[in-house]
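Participant: I'd like to ask you about the structure that follows.
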Amino acid sequence: MMHLDISEVAQRSGVPASTLRFYDEKGLIASTGRRGLKRLFDAGVLERLALIALGRTAGFSLDEIARMFGADGQPRIDRLMLTAKADELDRTIRNLSVMRDGLRHAAVCSAPSHMECPKFRRILRAAEAGAKAGQQKKERKAPRTKNSEI
């Protein structure tokens with residue numbers, strides 16, 4: 001079995017050694033030993049890093065990605081979780097498309113001021129509503145402490 005030291009993994013994968021150490025500590029990847037002071041990894045770690053990169057690109061958190069691997073280290077990806085993420089990406093794409101179209105309109109709008117443009121005002125209201133919704137979502141996720149109930 002071929003083993004790569006951490007610098008070889010970093011070079012081949014493009015993932016910095018500091019990130020590899022972090023992933024190792026979080027249990028996303030596992031070193032197989034050491035050569036001197038350098039961690040060693042099985043060559044299969046490169047494929048696992050590619051899966052982690054794909055998950056990160058799709059917007060999964062590291063904790064979600066960690067749950068995509070079984071105890072044996074093999075991928076065990078929940079298809080419902082993939083569907084939910086795809087639906088979330090669809091919503092994001094729709095929102096970004098609306099924003100893009102609004103910005104293009106604002107760039108060529110003939111109104112004397114953007115604040116006088118009805119379409120720009122709608123975009124502004126939508127952005128305000130989105131910011132409020134995002135803040136409320138963060139507040140629901142935040143752990144409650146005695147001090148946060150004051």
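Every chain in the structure tokens has a letter given in the order shown (A, B, ...), and although residue numbers restart at 1 in each chain, ligands are simply numbered from 1 in the order shown.
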For segment 124-140 of chain A, work out the shell of residues within 12 Å, counting only C-alpha atoms and skipping chain neighbours fewer than 4 positions away, then give it as a ChimeraX atom specification.

Facilitator: /A:92,95-96,98-99,102-103,106,114-120,144,148-149

Participant: Leaving out Gly59 of chain A and any residue of its chain fewer than 5 positions from it, which residues lie within 12 Å of it when counting only C-alpha atoms, given as an MDAnalysis selection string?

Facilitator: chainID A and resid 52:54 64:65 81:82 84:89 92

Participant: Please, could you write that set of residues out with N, CA, C and O atoms as a PDB file, in the first residue's frame?

Facilitator:
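The file below, result.pdb, is the result:
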ATOM      1  N   ILE A  52     -14.637  15.732  -0.438  1.00  0.00           N
ATOM      2  CA  ILE A  52     -14.812  16.851   0.503  1.00  0.00           C
ATOM      3  C   ILE A  52     -14.896  18.159  -0.270  1.00  0.00           C
ATOM      4  O   ILE A  52     -15.769  18.989  -0.001  1.00  0.00           O
ATOM      5  N   ALA A  53     -14.029  18.352  -1.256  1.00  0.00           N
ATOM      6  CA  ALA A  53     -14.046  19.577  -2.061  1.00  0.00           C
ATOM      7  C   ALA A  53     -15.367  19.707  -2.814  1.00  0.00           C
ATOM      8  O   ALA A  53     -15.944  20.803  -2.890  1.00  0.00           O
ATOM      9  N   LEU A  54     -15.858  18.607  -3.359  1.00  0.00           N
ATOM     10  CA  LEU A  54     -17.141  18.625  -4.064  1.00  0.00           C
ATOM     11  C   LEU A  54     -18.261  19.020  -3.109  1.00  0.00           C
ATOM     12  O   LEU A  54     -19.108  19.862  -3.438  1.00  0.00           O
ATOM     13  N   GLU A  64     -21.741  18.174   7.883  1.00  0.00           N
ATOM     14  CA  GLU A  64     -22.591  17.424   6.954  1.00  0.00           C
ATOM     15  C   GLU A  64     -21.750  16.466   6.114  1.00  0.00           C
ATOM     16  O   GLU A  64     -22.135  15.319   5.885  1.00  0.00           O
ATOM     17  N   ILE A  65     -20.599  16.936   5.673  1.00  0.00           N
ATOM     18  CA  ILE A  65     -19.714  16.088   4.874  1.00  0.00           C
ATOM     19  C   ILE A  65     -19.227  14.908   5.708  1.00  0.00           C
ATOM     20  O   ILE A  65     -19.179  13.776   5.218  1.00  0.00           O
ATOM     21  N   MET A  81     -30.613  14.073   1.583  1.00  0.00           N
ATOM     22  CA  MET A  81     -29.809  15.256   1.879  1.00  0.00           C
ATOM     23  C   MET A  81     -29.339  15.903   0.574  1.00  0.00           C
ATOM     24  O   MET A  81     -29.311  17.128   0.449  1.00  0.00           O
ATOM     25  N   LEU A  82     -28.995  15.081  -0.418  1.00  0.00           N
ATOM     26  CA  LEU A  82     -28.589  15.621  -1.720  1.00  0.00           C
ATOM     27  C   LEU A  82     -29.750  16.349  -2.392  1.00  0.00           C
ATOM     28  O   LEU A  82     -29.572  17.439  -2.950  1.00  0.00           O
ATOM     29  N   ALA A  84     -32.325  17.756  -0.895  1.00  0.00           N
ATOM     30  CA  ALA A  84     -32.574  18.996  -0.148  1.00  0.00           C
ATOM     31  C   ALA A  84     -31.562  20.071  -0.531  1.00  0.00           C
ATOM     32  O   ALA A  84     -31.918  21.244  -0.702  1.00  0.00           O
ATOM     33  N   LYS A  85     -30.285  19.673  -0.687  1.00  0.00           N
ATOM     34  CA  LYS A  85     -29.260  20.655  -1.065  1.00  0.00           C
ATOM     35  C   LYS A  85     -29.511  21.157  -2.486  1.00  0.00           C
ATOM     36  O   LYS A  85     -29.353  22.348  -2.770  1.00  0.00           O
ATOM     37  N   ALA A  86     -29.922  20.257  -3.393  1.00  0.00           N
ATOM     38  CA  ALA A  86     -30.222  20.672  -4.768  1.00  0.00           C
ATOM     39  C   ALA A  86     -31.387  21.665  -4.778  1.00  0.00           C
ATOM     40  O   ALA A  86     -31.351  22.664  -5.517  1.00  0.00           O
ATOM     41  N   ASP A  87     -32.403  21.422  -3.948  1.00  0.00           N
ATOM     42  CA  ASP A  87     -33.529  22.356  -3.849  1.00  0.00           C
ATOM     43  C   ASP A  87     -33.065  23.710  -3.313  1.00  0.00           C
ATOM     44  O   ASP A  87     -33.491  24.764  -3.785  1.00  0.00           O
ATOM     45  N   GLU A  88     -32.190  23.672  -2.327  1.00  0.00           N
ATOM     46  CA  GLU A  88     -31.638  24.916  -1.768  1.00  0.00           C
ATOM     47  C   GLU A  88     -30.852  25.680  -2.833  1.00  0.00           C
ATOM     48  O   GLU A  88     -30.959  26.902  -2.959  1.00  0.00           O
ATOM     49  N   LEU A  89     -30.060  24.957  -3.622  1.00  0.00           N
ATOM     50  CA  LEU A  89     -29.302  25.596  -4.703  1.00  0.00           C
ATOM     51  C   LEU A  89     -30.235  26.197  -5.754  1.00  0.00           C
ATOM     52  O   LEU A  89     -29.961  27.284  -6.280  1.00  0.00           O
ATOM     53  N   THR A  92     -31.388  29.456  -4.404  1.00  0.00           N
ATOM     54  CA  THR A  92     -30.286  30.427  -4.473  1.00  0.00           C
ATOM     55  C   THR A  92     -30.108  30.926  -5.899  1.00  0.00           C
ATOM     56  O   THR A  92     -29.931  32.132  -6.124  1.00  0.00           O
TER      57      THR A  92
END

Participant: Check the smallest atom-to-atom distance from each of A:Thr57, A:Ala111, A:Gln74, A:Leu49 to Pro16 of chain A using only C-alpha atoms, then report the winner.

Facilitator: A:Leu49

Participant: Can you list every residue in segment 20-79 of chain A that DSSP puts in alpha helix (DSSP H), as a list in words?

Facilitator: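 Assigned to alpha helix (DSSP H), within segment 20-79 of chain A: Leu20, Arg21, Phe22, Tyr23, Asp24, Glu25, Lys26, Val45, Leu46, Glu47, Arg48, Leu49, Ala50, Leu51, Ile52, Ala53, Leu54, Gly55, Arg56, Thr57, Ala58, Leu62, Asp63, Glu64, Ile65, Ala66 and Arg79 of chain A.
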
Participant: What is the atom CA of Leu51 of chain A-atom CA of Leu4 of chain A distance in Å, reported with one decimal?

Facilitator: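 That distance, rounded to one decimal, is 18.2 Å.
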
Participant: Take atom CA of Arg79 of chain A and atom CA of Ile93 of chain A and report the distance between them in Å, one decimal.

Facilitator: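 Taking atom CA of Arg79 of chain A as the start and atom CA of Ile93 of chain A as the end point, the length is 20.8 Å.
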
Participant: Interatomic distance between atom CA of Ala43 of chain A and atom CA of Val9 of chain A?

Facilitator: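 Atom CA of Val9 of chain A lies at a distance of 8.2 Å from atom CA of Ala43 of chain A.
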
Participant: Could you name the residues that touch segment 24-40 of chain A at 7 Å or less, counting only C-alpha atoms, but leaving out those on the same chain fewer than 2 positions away, as a VMD selection string?

Facilitator: chain A and resid 3 to 6 20 to 22 42 45 66
